[in-house]
>>> print(open('upload28.txt').read())   # compact mmCIF, C-alpha atoms
# COMPACT_ATOMS: atom_id res chain seq x y z
CA MET A 294 29.04 49.04 22.57
CA SER A 295 28.65 49.80 18.92
CA SER A 296 30.84 48.78 16.05
CA PRO A 297 30.73 49.81 12.41
CA HIS A 298 30.83 46.14 11.48
CA SER A 299 28.51 43.39 12.46
CA PHE A 300 31.38 41.05 12.00
CA ARG A 301 34.71 40.98 10.26
CA LEU A 302 36.85 38.11 9.03
CA SER A 303 40.45 39.00 8.19
CA GLY A 304 42.68 36.51 6.46
CA LEU A 305 40.71 33.64 7.93
CA GLU A 306 42.30 30.34 7.02
CA LYS A 307 41.67 26.80 8.17
CA ARG A 308 43.85 24.04 6.82
CA TYR A 309 42.92 20.39 6.92
CA PRO A 310 44.98 17.64 5.29
CA ASP A 311 42.55 17.39 2.39
CA PHE A 312 40.90 20.81 2.40
CA THR A 313 41.87 24.42 2.86
CA LEU A 314 39.41 27.15 3.66
CA GLY A 315 40.43 30.67 2.78
CA PRO A 316 42.09 33.00 3.16
CA ILE A 317 38.77 34.74 3.60
CA ASP A 318 38.23 38.47 4.12
CA LEU A 319 34.70 39.59 4.78
CA GLU A 320 33.15 42.62 6.44
CA VAL A 321 29.44 42.91 7.07
CA GLU A 322 27.56 46.01 8.12
CA PRO A 323 24.67 46.02 10.60
CA GLY A 324 21.25 45.50 9.12
CA SER A 325 22.29 43.53 6.08
CA VAL A 326 21.48 40.01 5.00
CA LEU A 327 24.17 37.97 3.33
CA ALA A 328 23.53 34.63 1.76
CA PHE A 329 26.61 32.46 1.88
CA VAL A 330 26.20 30.29 -1.16
CA GLY A 331 28.23 27.30 -2.19
CA PRO A 332 27.98 23.63 -3.03
CA ASN A 333 28.30 21.00 -0.33
CA GLY A 334 31.87 20.78 0.90
CA SER A 335 32.83 24.30 -0.17
CA GLY A 336 33.62 25.39 3.41
CA LYS A 337 30.46 27.19 4.53
CA THR A 338 30.06 25.24 7.76
CA THR A 339 33.77 25.46 8.54
CA THR A 340 33.60 29.24 8.18
CA LEU A 341 30.61 29.46 10.52
CA HIS A 342 32.21 27.10 13.01
CA CYS A 343 35.34 29.27 13.03
CA MET A 344 33.15 32.29 13.69
CA MET A 345 31.48 30.52 16.61
CA ASP A 346 34.88 29.43 17.95
CA LEU A 347 33.85 25.80 17.57
CA VAL A 348 36.84 25.32 15.28
CA ARG A 349 40.17 27.10 15.71
CA PRO A 350 41.36 28.83 12.54
CA THR A 351 44.89 28.08 11.36
CA SER A 352 45.38 31.82 10.90
CA GLY A 353 43.47 35.06 10.64
CA THR A 354 41.19 36.95 12.98
CA ILE A 355 37.46 37.12 13.55
CA GLU A 356 35.60 39.97 15.20
CA ILE A 357 31.95 39.81 16.21
CA ALA A 358 30.39 43.23 16.87
CA GLY A 359 33.85 44.64 17.40
CA ARG A 360 35.18 41.98 19.78
CA PRO A 361 37.64 39.24 18.85
CA ASN A 362 36.03 35.84 19.20
CA ASN A 363 39.07 34.14 20.70
CA GLY A 364 40.20 36.59 23.34
CA PRO A 365 39.81 36.46 27.13
CA ASP A 366 36.55 38.45 26.95
CA PRO A 367 33.66 36.06 26.29
CA ARG A 368 31.10 38.83 25.81
CA TRP A 369 31.24 38.51 22.01
CA LYS A 370 28.91 35.55 22.46
CA GLU A 371 26.18 37.83 23.75
CA ASP A 372 26.02 39.51 20.38
CA VAL A 373 25.66 36.39 18.31
CA GLY A 374 22.95 33.81 17.74
CA PHE A 375 23.79 30.59 15.93
CA VAL A 376 21.68 27.85 14.41
CA GLY A 377 23.66 24.94 13.06
CA GLU A 378 23.15 21.42 11.89
CA VAL A 379 24.14 19.98 15.25
CA SER A 380 22.65 21.17 18.50
CA GLY A 381 23.31 20.06 22.03
CA TRP A 382 19.87 19.73 23.53
CA TYR A 383 19.19 17.39 26.43
CA LYS A 384 16.70 14.99 24.93
CA GLY A 385 15.32 13.87 28.27
CA TRP A 386 14.56 17.45 29.30
CA THR A 387 11.55 19.45 28.26
CA VAL A 388 11.77 22.33 25.81
CA GLY A 389 11.23 24.78 28.68
CA ARG A 390 13.96 23.28 30.85
CA ASN A 391 16.42 23.31 27.93
CA LEU A 392 15.68 26.96 27.24
CA ALA A 393 16.02 27.83 30.92
CA PHE A 394 19.39 26.09 30.96
CA VAL A 395 20.67 27.99 27.94
CA SER A 396 19.31 31.29 29.24
CA GLN A 397 21.76 31.43 32.13
CA PHE A 398 24.63 32.04 29.70
CA TYR A 399 23.02 35.18 28.31
CA PRO A 400 22.51 38.29 30.46
CA ASN A 401 20.23 39.77 27.79
CA TRP A 402 18.02 36.69 27.55
CA SER A 403 14.33 37.59 27.49
CA GLU A 404 12.06 34.85 28.73
CA THR A 405 9.06 36.76 27.42
CA HIS A 406 10.60 36.89 23.97
CA ALA A 407 11.58 33.21 24.11
CA ASN A 408 8.08 32.18 25.14
CA ALA A 409 6.49 34.37 22.49
CA LEU A 410 8.68 32.83 19.78
CA ALA A 411 7.98 29.31 21.04
CA ARG A 412 4.25 30.02 20.97
CA ARG A 413 4.48 31.43 17.51
CA PHE A 414 6.30 28.34 16.28
CA GLY A 415 3.80 26.10 18.05
CA LEU A 416 6.50 24.65 20.30
CA GLN A 417 5.16 23.15 23.52
CA LEU A 418 7.38 24.07 26.44
CA ASN A 419 6.41 20.96 28.42
CA LYS A 420 7.31 18.51 25.66
CA LYS A 421 10.53 16.51 25.87
CA VAL A 422 13.10 17.47 23.25
CA GLY A 423 13.61 13.80 22.40
CA ALA A 424 10.00 13.68 21.21
CA LEU A 425 10.33 16.67 18.87
CA SER A 426 10.40 16.32 15.11
CA LYS A 427 13.39 17.56 13.17
CA GLY A 428 11.49 20.72 12.21
CA ASN A 429 10.51 21.44 15.79
CA ARG A 430 14.03 20.87 17.01
CA ARG A 431 15.25 23.41 14.45
CA LYS A 432 12.63 25.84 15.68
CA LEU A 433 13.86 25.34 19.23
CA SER A 434 17.38 26.20 18.09
CA LEU A 435 16.02 29.30 16.45
CA VAL A 436 14.21 30.37 19.62
CA ALA A 437 17.43 29.89 21.59
CA ALA A 438 19.41 31.85 18.99
CA LEU A 439 17.01 34.79 19.05
CA ALA A 440 15.90 35.05 22.69
CA HIS A 441 18.89 37.22 23.70
CA ARG A 442 18.25 39.56 20.75
CA PRO A 443 21.69 39.20 19.20
CA ARG A 444 23.01 41.65 16.63
CA VAL A 445 24.65 38.99 14.51
CA LEU A 446 22.78 35.91 13.38
CA LEU A 447 24.68 33.02 11.91
CA PHE A 448 22.60 30.33 10.31
CA ASP A 449 24.02 27.17 8.82
CA GLU A 450 21.41 25.87 6.39
CA PRO A 451 18.65 26.60 8.90
CA THR A 452 15.84 25.59 6.59
CA SER A 453 17.38 22.50 4.99
CA GLY A 454 15.26 19.41 5.44
CA LEU A 455 12.29 21.42 6.70
CA ASP A 456 8.90 21.40 5.06
CA PRO A 457 7.80 24.51 3.17
CA VAL A 458 5.37 25.67 5.86
CA VAL A 459 8.00 25.56 8.59
CA ARG A 460 10.48 27.27 6.28
CA ALA A 461 8.03 30.08 5.70
CA ASP A 462 7.56 30.42 9.50
CA VAL A 463 11.31 30.66 10.01
CA LEU A 464 11.75 33.21 7.24
CA ASP A 465 8.90 35.33 8.58
CA VAL A 466 10.69 35.67 11.90
CA LEU A 467 13.88 36.70 10.12
CA TRP A 468 12.08 39.42 8.18
CA GLU A 469 10.68 40.89 11.35
CA LEU A 470 14.13 40.96 12.87
CA LEU A 471 15.43 43.13 10.10
CA GLU A 472 12.98 45.92 10.53
CA ASP A 473 14.95 47.90 13.10
CA GLY A 474 18.13 47.69 11.03
CA GLU A 475 20.35 46.52 13.89
CA ALA A 476 20.67 42.82 13.30
CA SER A 477 22.57 41.33 10.42
CA ILE A 478 22.10 37.85 9.10
CA PHE A 479 24.70 35.57 7.59
CA TYR A 480 22.94 32.57 6.17
CA SER A 481 24.62 29.65 4.51
CA THR A 482 22.71 27.66 1.99
CA HIS A 483 22.99 25.53 -1.07
CA VAL A 484 19.36 26.19 -2.02
CA LEU A 485 18.66 29.77 -2.87
CA SER A 486 14.95 29.62 -3.43
CA ASP A 487 14.22 30.37 0.25
CA ILE A 488 16.66 33.10 0.91
CA SER A 489 16.80 34.91 -2.39
CA ARG A 490 14.01 37.31 -1.50
CA LEU A 491 15.52 38.09 1.89
CA ALA A 492 19.18 38.52 0.92
CA ASP A 493 20.79 41.84 0.11
CA GLU A 494 24.07 40.36 -0.97
CA LEU A 495 25.36 36.99 -2.06
CA VAL A 496 28.78 35.65 -1.22
CA PHE A 497 29.78 32.73 -3.40
CA LEU A 498 32.10 30.12 -2.02
CA ARG A 499 33.71 27.33 -3.98
CA GLU A 500 36.45 24.97 -2.85
CA GLY A 501 37.19 27.09 0.19
CA ARG A 502 37.61 30.37 -1.68
CA ILE A 503 35.27 33.29 -2.10
CA LEU A 504 34.45 33.65 -5.80
CA GLY A 505 32.77 36.97 -5.32
CA ARG A 506 30.46 39.10 -3.25
CA HIS A 507 27.60 40.63 -5.17
CA ASN A 508 24.72 42.93 -4.53
CA LYS A 509 21.64 40.91 -5.48
CA GLU A 510 20.01 43.67 -7.50
CA ASP A 511 23.22 44.18 -9.50
CA LEU A 512 23.24 40.51 -10.41
CA LEU A 513 19.63 40.65 -11.56
CA GLU A 514 20.35 43.80 -13.51
CA ASN A 515 23.48 42.62 -15.32
CA TRP A 516 22.93 38.96 -16.10
CA ARG A 517 21.02 37.73 -19.13
CA ARG A 518 20.61 34.61 -21.18
CA VAL A 519 21.11 35.65 -24.78
CA THR A 520 20.26 33.78 -27.96
CA PHE A 521 21.51 35.11 -31.31
CA ARG A 522 22.50 34.21 -34.84
CA LEU A 523 25.80 34.95 -36.52
CA THR A 524 25.86 34.33 -40.24
CA GLY A 525 28.74 34.25 -42.70
CA GLN A 526 32.04 35.65 -41.52
CA ALA A 527 30.56 37.15 -38.36
CA GLY A 528 30.93 33.90 -36.41
CA SER A 529 34.70 33.94 -36.73
CA GLY A 530 34.79 37.42 -35.22
CA LEU A 531 33.41 36.10 -31.95
CA SER A 532 36.07 35.72 -29.31
CA ASP A 533 35.64 34.55 -25.79
CA SER A 534 34.75 36.87 -22.97
CA GLU A 535 35.26 36.73 -19.24
CA SER A 536 31.62 37.45 -18.69
CA TRP A 537 30.27 34.54 -20.72
CA TYR A 538 29.04 31.24 -19.37
CA SER A 539 27.44 28.15 -20.85
CA HIS A 540 28.01 29.07 -24.47
CA ARG A 541 26.18 26.71 -26.82
CA VAL A 542 26.54 26.70 -30.57
CA SER A 543 24.39 25.00 -33.15
CA GLY A 544 25.29 26.02 -36.69
CA ALA A 545 24.92 29.80 -36.83
CA ASP A 546 22.79 29.88 -33.65
CA HIS A 547 24.35 30.74 -30.33
CA GLN A 548 23.15 30.85 -26.79
CA LEU A 549 25.08 32.03 -23.79
CA VAL A 550 24.70 33.46 -20.34
CA THR A 551 26.43 36.76 -19.72
CA SER A 552 27.23 38.53 -16.49
CA ASP A 553 27.58 41.84 -18.33
CA PHE A 554 24.71 42.27 -20.72
CA GLU A 555 25.56 45.82 -21.74
CA GLN A 556 29.00 44.84 -22.93
CA THR A 557 27.74 41.68 -24.60
CA ALA A 558 25.06 43.62 -26.46
CA GLN A 559 27.75 45.95 -27.79
CA VAL A 560 29.90 43.07 -28.97
CA LEU A 561 26.95 41.39 -30.65
CA GLY A 562 25.91 44.68 -32.24
CA SER A 563 29.35 45.24 -33.72
CA LEU A 564 29.39 41.69 -35.12
CA GLY A 565 25.99 42.19 -36.72
CA ALA A 566 24.30 39.43 -34.75
CA GLU A 567 20.72 38.77 -35.78
CA ASN A 568 17.64 37.53 -33.94
CA VAL A 569 19.05 38.67 -30.62
CA HIS A 570 16.82 37.66 -27.73
CA ALA A 571 17.71 38.29 -24.12
CA ASN A 572 15.96 37.38 -20.93
CA ARG A 573 16.68 37.85 -17.27
CA LEU A 574 17.71 35.08 -14.92
CA THR A 575 16.63 34.34 -11.39
CA VAL A 576 19.09 34.64 -8.52
CA GLU A 577 19.07 30.87 -8.35
CA GLU A 578 19.96 30.46 -12.02
CA ILE A 579 22.73 33.02 -11.73
CA SER A 580 24.17 31.24 -8.71
CA ILE A 581 24.21 27.93 -10.50
CA GLU A 582 26.02 29.45 -13.49
CA MET A 583 28.52 31.10 -11.23
CA LEU A 584 29.25 28.03 -9.12
CA LYS A 585 29.06 25.36 -11.78
CA HIS A 586 30.85 26.73 -14.77
CA GLN A 587 34.23 28.06 -15.55
CA HIS A 588 34.35 30.99 -17.90
CA VAL A 589 34.21 30.17 -21.59
CA THR A 590 37.74 29.35 -22.60
CA GLY A 591 37.94 29.60 -26.34
CA LEU A 592 35.05 29.08 -28.69
CA GLU A 593 36.60 26.34 -30.80
CA ALA A 594 36.22 23.90 -27.93
CA THR A 595 32.54 24.63 -27.57
CA GLU A 596 31.22 23.76 -31.01
CA GLY A 597 27.92 22.01 -30.51
CA SER A 598 28.41 21.32 -26.85
CA HIS A 599 28.00 22.72 -23.39
CA VAL A 600 30.99 24.27 -21.77
CA ALA A 601 30.49 22.91 -18.34
CA THR A 602 33.91 22.24 -16.95
CA SER A 603 34.49 23.09 -13.34
CA MET B 68 -0.04 50.93 0.42
CA ILE B 69 -0.24 47.32 -0.60
CA LEU B 70 1.83 46.11 -3.51
CA HIS B 71 1.22 43.04 -5.59
CA LEU B 72 4.55 41.31 -6.05
CA THR B 73 5.17 37.98 -7.64
CA ASP B 74 8.12 35.66 -8.08
CA VAL B 75 6.52 34.21 -11.17
CA SER B 76 7.44 37.03 -13.47
CA SER B 77 10.37 37.92 -15.65
CA GLU B 78 10.21 41.39 -14.12
CA PRO B 79 12.56 41.59 -11.13
CA LEU B 80 11.04 42.56 -7.80
CA HIS B 81 12.62 46.02 -7.67
CA LEU B 82 11.12 46.84 -11.06
CA GLN B 83 7.73 45.55 -9.93
CA ILE B 84 7.90 47.84 -6.89
CA ARG B 85 9.05 50.79 -8.98
CA ARG B 86 6.32 50.31 -11.55
CA GLN B 87 3.56 49.89 -8.99
CA VAL B 88 4.53 52.82 -6.78
CA ARG B 89 4.93 54.96 -9.87
CA ALA B 90 1.47 53.99 -11.08
CA LEU B 91 0.01 54.86 -7.65
CA ILE B 92 1.65 58.28 -7.84
CA LEU B 93 0.70 59.06 -11.44
CA ALA B 94 -2.86 57.95 -10.79
CA GLY B 95 -2.99 60.23 -7.76
CA GLU B 96 -3.67 57.40 -5.33
CA LEU B 97 -0.52 58.42 -3.53
CA GLY B 98 -0.97 62.16 -3.27
CA GLU B 99 1.52 64.98 -3.27
CA GLY B 100 3.47 65.18 -0.03
CA GLU B 101 2.21 61.82 1.16
CA GLY B 102 4.71 59.66 3.00
CA LEU B 103 5.84 56.28 1.74
CA PRO B 104 6.58 53.31 3.99
CA SER B 105 10.16 53.19 5.23
CA ILE B 106 12.55 50.99 3.26
CA ARG B 107 12.74 48.42 6.03
CA GLY B 108 9.04 48.64 6.71
CA LEU B 109 8.14 47.92 3.11
CA ALA B 110 10.74 45.15 2.91
CA LYS B 111 9.16 43.44 5.90
CA GLN B 112 5.63 44.04 4.71
CA GLU B 113 6.22 42.69 1.21
CA ARG B 114 8.78 40.07 2.24
CA VAL B 115 11.54 41.34 0.00
CA SER B 116 15.07 42.35 0.85
CA VAL B 117 16.03 45.80 2.01
CA ILE B 118 18.23 46.30 -1.02
CA THR B 119 15.34 45.55 -3.35
CA VAL B 120 13.19 48.32 -1.88
CA GLN B 121 16.19 50.62 -1.72
CA ARG B 122 16.87 50.13 -5.41
CA ALA B 123 13.23 50.84 -6.31
CA TYR B 124 13.12 53.99 -4.13
CA ASP B 125 16.44 55.20 -5.58
CA ASP B 126 15.03 54.87 -9.08
CA LEU B 127 11.84 56.70 -8.12
CA GLU B 128 13.89 59.44 -6.52
CA ARG B 129 16.06 59.80 -9.60
CA ALA B 130 12.89 60.15 -11.65
CA SER B 131 11.85 62.94 -9.23
CA LEU B 132 8.69 61.08 -8.29
CA ILE B 133 9.64 60.86 -4.65
CA GLN B 134 11.95 62.74 -2.38
CA ALA B 135 14.00 61.63 0.60
CA ARG B 136 13.85 63.90 3.61
CA ARG B 137 16.69 63.30 5.97
CA GLY B 138 15.57 61.36 9.00
CA LYS B 139 11.93 61.53 7.98
CA GLY B 140 11.65 59.10 5.13
CA PHE B 141 10.31 59.31 1.61
CA PHE B 142 7.55 61.56 0.33
CA VAL B 143 5.70 61.97 -2.93
CA ASN B 144 6.99 64.94 -4.89
CA THR B 145 4.99 67.71 -6.45
CA ILE B 146 4.53 66.73 -10.06
CA SER B 147 2.86 69.02 -12.57
CA ALA B 148 0.03 67.70 -14.69
CA GLU B 149 2.23 68.02 -17.79
CA GLY B 150 4.98 66.17 -15.96
CA LYS B 151 2.64 63.29 -15.21
CA ILE B 152 1.48 63.12 -18.81
CA SER B 153 4.98 63.16 -20.22
CA MET B 154 6.06 60.39 -17.81
CA ALA B 155 3.07 58.28 -18.72
CA GLN B 156 3.75 58.89 -22.41
CA GLN B 157 7.37 57.93 -22.00
CA ARG B 158 6.33 54.69 -20.39
CA LEU B 159 3.75 53.99 -23.07
CA GLU B 160 6.40 54.61 -25.69
CA ASP B 161 8.80 52.20 -24.01
CA SER B 162 6.27 49.40 -23.82
CA LEU B 163 4.96 50.01 -27.34
CA LYS B 164 8.46 49.75 -28.75
CA GLN B 165 8.66 46.11 -27.69
CA VAL B 166 5.23 45.35 -29.08
CA LEU B 167 6.12 47.07 -32.34
CA ASP B 168 9.35 45.13 -32.70
CA ALA B 169 7.48 41.88 -32.19
CA ALA B 170 4.78 42.88 -34.69
CA ARG B 171 7.40 43.83 -37.30
CA ALA B 172 9.23 40.56 -36.73
CA GLU B 173 5.98 38.80 -37.56
CA GLY B 174 5.77 40.69 -40.85
CA LEU B 175 3.17 43.40 -40.22
CA SER B 176 3.55 46.67 -42.14
CA ALA B 177 3.35 50.10 -40.50
CA ASP B 178 -0.16 50.60 -41.91
CA GLN B 179 -1.35 47.24 -40.66
CA ILE B 180 0.03 47.98 -37.19
CA ALA B 181 -1.56 51.43 -37.16
CA GLU B 182 -4.88 49.88 -38.11
CA VAL B 183 -4.78 47.56 -35.09
CA PHE B 184 -3.88 50.42 -32.75
CA ALA B 185 -6.62 52.65 -34.10
CA ALA B 186 -9.19 49.90 -33.64
CA LEU B 187 -8.06 49.25 -30.08
CA ILE B 188 -8.15 52.90 -29.07
CA ASP B 189 -11.59 53.46 -30.56
CA PRO B 190 -13.54 50.22 -30.99
CA SER B 191 -16.56 52.02 -32.50
CA GLN B 192 -14.51 52.95 -35.56
CA ASP B 193 -13.60 49.35 -35.99
CA GLU B 194 -17.26 48.38 -36.13
CA GLU B 195 -18.03 51.14 -38.62
CA ALA B 196 -15.26 49.87 -40.85
CA ARG B 197 -16.88 46.48 -40.89
>>> encode(input="upload28.txt", output="structure tokens")
Amino acid sequence: MSSPHSFRLSGLEKRYPDFTLGPIDLEVEPGSVLAFVGPNGSGKTTTLHCMMDLVRPTSGTIEIAGRPNNGPDPRWKEDVGFVGEVSGWYKGWTVGRNLAFVSQFYPNWSETHANALARRFGLQLNKKVGALSKGNRRKLSLVAALAHRPRVLLFDEPTSGLDPVVRADVLDVLWELLEDGEASIFYSTHVLSDISRLADELVFLREGRILGRHNKEDLLENWRRVTFRLTGQAGSGLSDSESWYSHRVSGADHQLVTSDFEQTAQVLGSLGAENVHANRLTVEEISIEMLKHQHVTGLEATEGSHVATS
Amino acid sequence: MILHLTDVSSEPLHLQIRRQVRALILAGELGEGEGLPSIRGLAKQERVSVITVQRAYDDLERASLIQARRGKGFFVNTISAEGKISMAQQRLEDSLKQVLDAARAEGLSADQIAEVFAALIDPSQDEEAR
């Protein structure tokens, strides 16, 4: 069964006494990689748990590969692989026995594929899960999430707390998955350094709401850190802009981060700004600006200081 | 085709890919009609995202350096010798502009800048002058 969407969230909302997630609307096409970026507590895990039907949404619907994830038909689970912070392995059982146990829930499970992945990760099938390191346990979860060749992969901080070598192993496997263009990956993280090369799009989440969904290359293309000088009357002509972040002023010197360099360059040109220097930002820097700062709200408040309210 | 991509550069990955593929084509290392790796293949090979390769290929296609053939992938276009020269000149011009701006900002006159360029292009003249 094929569906134009890998998954679709419509009006997803989950209310807790002290936190509300959503409403969230999100559609993801097959073959794409989305990084779900937000600070701790922004609702990333809740969203993923709703998608896995581990948490019941207060309202809204979720479809995985075209099937609702809360209906009478449990087959949606065959199309999804999930790696989360918590996993339910039997510690007294070996890796092999745990995998064999999980395999019975998946008609498409490939033992060959599972064994190949385990070998690649250096996981010993005859070792007890209780004796595995944190990294190896995460690898086991990854093997279990991939062995039935799902079309939707949901990862909740899959590389957090892992050493760089293991992280590179994990990311390598993800890259290979993407080659045929069928699988899509939705990957939550608060560190972007790992995922930024893999991701096509970034979805920013803060306090339970989606701030924006951006094509990575567009972000890299449009954002700049700009330093410039406004002398005489020119400074008073500068008014705030929606696309400006982290505006610093020291005398006639200004520095800011803009999400729309073309427009900012025009404004600075018309004001006669001097010594204009602009440089690109990394995906990580852009994400931090986006998640940390509010837009500049009036220059008078920023004299000589960071605008870093959130 | 092996590219040399780095995260430790102010040049974004899609521009690195564009520049390097373009150089391979203009230098004739990727010949006319030759196929390029698929978008997903190159993404996997170079460990970059699909959208990064896509953006680079789109740019190369817009510059008529490569051509997409439906269902078959991307191929190097036929580019006349003059075309190659004018593209290379355009690129030289673009990079020289930045160097010129920096030199002017540091107070060099047009003559002084020209002198440096002349010496770099033909080092023997420089020695004669000394």
>>> closest_atom_pairs(input="upload28.txt", of="chain A", to="chain B", cutoff="12 Å", atoms="all atoms listed in the file", output="CSV")
residue,atom,partner,partner_atom,distance
A:Gly324,CA,B:Val117,CA,8.8
A:Ser325,CA,B:Val117,CA,7.8
A:Val326,CA,B:Ser116,CA,8.0
A:Leu327,CA,B:Ser116,CA,10.4
A:Ala328,CA,B:Ser116,CA,11.5
A:Ala461,CA,B:Arg114,CA,10.6
A:Leu464,CA,B:Arg114,CA,9.0
A:Asp465,CA,B:Arg114,CA,7.9
A:Val466,CA,B:Lys111,CA,9.9
A:Leu467,CA,B:Lys111,CA,9.2
A:Trp468,CA,B:Lys111,CA,5.5
A:Glu469,CA,B:Lys111,CA,6.2
A:Leu470,CA,B:Lys111,CA,8.9
A:Leu471,CA,B:Arg107,CA,7.2
A:Glu472,CA,B:Arg107,CA,5.2
A:Asp473,CA,B:Arg107,CA,7.4
A:Gly474,CA,B:Arg107,CA,7.4
A:Glu475,CA,B:Arg107,CA,11.1
A:Ser477,CA,B:Val117,CA,11.6
A:Ile478,CA,B:Ser116,CA,11.7
A:Ser486,CA,B:Asp74,CA,10.2
A:Asp487,CA,B:Val115,CA,11.3
A:Ile488,CA,B:Ser116,CA,9.4
A:Ser489,CA,B:Ser116,CA,8.3
A:Arg490,CA,B:Val115,CA,5.0
A:Leu491,CA,B:Ser116,CA,4.4
A:Ala492,CA,B:Ser116,CA,5.6
A:Asp493,CA,B:Ile118,CA,5.3
A:Glu494,CA,B:Ile118,CA,8.3
A:Leu495,CA,B:Ile118,CA,11.8
A:His507,CA,B:Ile118,CA,11.7
A:Asn508,CA,B:Ile118,CA,8.1
A:Lys509,CA,B:Ile118,CA,7.8
A:Glu510,CA,B:Thr119,CA,6.5
A:Asp511,CA,B:Arg122,CA,9.6
A:Leu512,CA,B:Pro79,CA,10.8
A:Leu513,CA,B:Pro79,CA,7.1
A:Glu514,CA,B:Pro79,CA,8.4
A:Asn515,CA,B:Pro79,CA,11.7
A:Trp516,CA,B:Pro79,CA,11.8
A:Arg517,CA,B:Ser77,CA,11.2
A:Glu567,CA,B:Ala172,CA,11.7
A:Asn568,CA,B:Ala172,CA,9.4
A:Val569,CA,B:Ala172,CA,11.7
A:His570,CA,B:Ala169,CA,11.2
A:Ala571,CA,B:Ser77,CA,11.2
A:Asn572,CA,B:Ser77,CA,7.7
A:Arg573,CA,B:Ser77,CA,6.5
A:Leu574,CA,B:Ser77,CA,7.9
A:Thr575,CA,B:Pro79,CA,8.3
A:Val576,CA,B:Pro79,CA,9.9
A:Glu577,CA,B:Asp74,CA,12.0
>>> closest_residue(input="upload28.txt", among="B:Gly102, B:Val75, B:Leu93, B:Ile84", to="Ala148 of chain B", atoms="only C-alpha atoms")
B:Leu93
>>> residues_around(input="upload28.txt", residues="Leu433 of chain A", least_positions_apart="5", cutoff="9 Å", atoms="all atoms listed in the file", output="mmCIF file with C-alpha atoms, in the frame of the given file")
data_model
loop_
_atom_site.group_PDB
_atom_site.id
_atom_site.type_symbol
_atom_site.label_atom_id
_atom_site.label_comp_id
_atom_site.auth_asym_id
_atom_site.auth_seq_id
_atom_site.Cartn_x
_atom_site.Cartn_y
_atom_site.Cartn_z
ATOM 1 C CA VAL A 388 11.770 22.330 25.810
ATOM 2 C CA LEU A 392 15.680 26.960 27.240
ATOM 3 C CA ALA A 411 7.980 29.310 21.040
ATOM 4 C CA PHE A 414 6.300 28.340 16.280
ATOM 5 C CA LEU A 416 6.500 24.650 20.300
ATOM 6 C CA VAL A 422 13.100 17.470 23.250
ATOM 7 C CA GLY A 428 11.490 20.720 12.210
ATOM 8 C CA ALA A 438 19.410 31.850 18.990
#
>>> atom_distance(input="upload28.txt", atom1="atom CA of Ile152 of chain B", atom2="atom CA of Arg89 of chain B")
12.6 Å
>>> atom_distance(input="upload28.txt", atom1="atom CA of Arg502 of chain A", atom2="atom CA of Asp449 of chain A")
17.5 Å
>>> atom_distance(input="upload28.txt", atom1="atom CA of Pro323 of chain A", atom2="atom CA of Arg85 of chain B")
25.5 Å
>>> residues_around(input="upload28.txt", residues="Gln87 of chain B", least_positions_apart="4", cutoff="12 Å", atoms="only C-alpha atoms", output="number ranges by chain")
B: 68-72, 78, 80-83, 91-94, 96-97, 123-124, 127
>>> residues_around(input="upload28.txt", residues="Asn419 of chain A", least_positions_apart="6", cutoff="12 Å", atoms="only C-alpha atoms", output="PDB file with C-alpha atoms, in the frame of the given file")
ATOM      1  CA  GLY A 385      15.320  13.870  28.270  1.00  0.00           C
ATOM      2  CA  TRP A 386      14.560  17.450  29.300  1.00  0.00           C
ATOM      3  CA  THR A 387      11.550  19.450  28.260  1.00  0.00           C
ATOM      4  CA  VAL A 388      11.770  22.330  25.810  1.00  0.00           C
ATOM      5  CA  GLY A 389      11.230  24.780  28.680  1.00  0.00           C
ATOM      6  CA  ARG A 390      13.960  23.280  30.850  1.00  0.00           C
ATOM      7  CA  ASN A 391      16.420  23.310  27.930  1.00  0.00           C
ATOM      8  CA  LEU A 392      15.680  26.960  27.240  1.00  0.00           C
ATOM      9  CA  ASN A 408       8.080  32.180  25.140  1.00  0.00           C
ATOM     10  CA  ALA A 411       7.980  29.310  21.040  1.00  0.00           C
ATOM     11  CA  ARG A 412       4.250  30.020  20.970  1.00  0.00           C
ATOM     12  CA  LEU A 425      10.330  16.670  18.870  1.00  0.00           C
TER      13      LEU A 425
END
>>> residues_around(input="upload28.txt", residues="Ser352 of chain A", least_positions_apart="6", cutoff="8 Å", atoms="all atoms listed in the file", output="ChimeraX atom specification")
/A:304-307
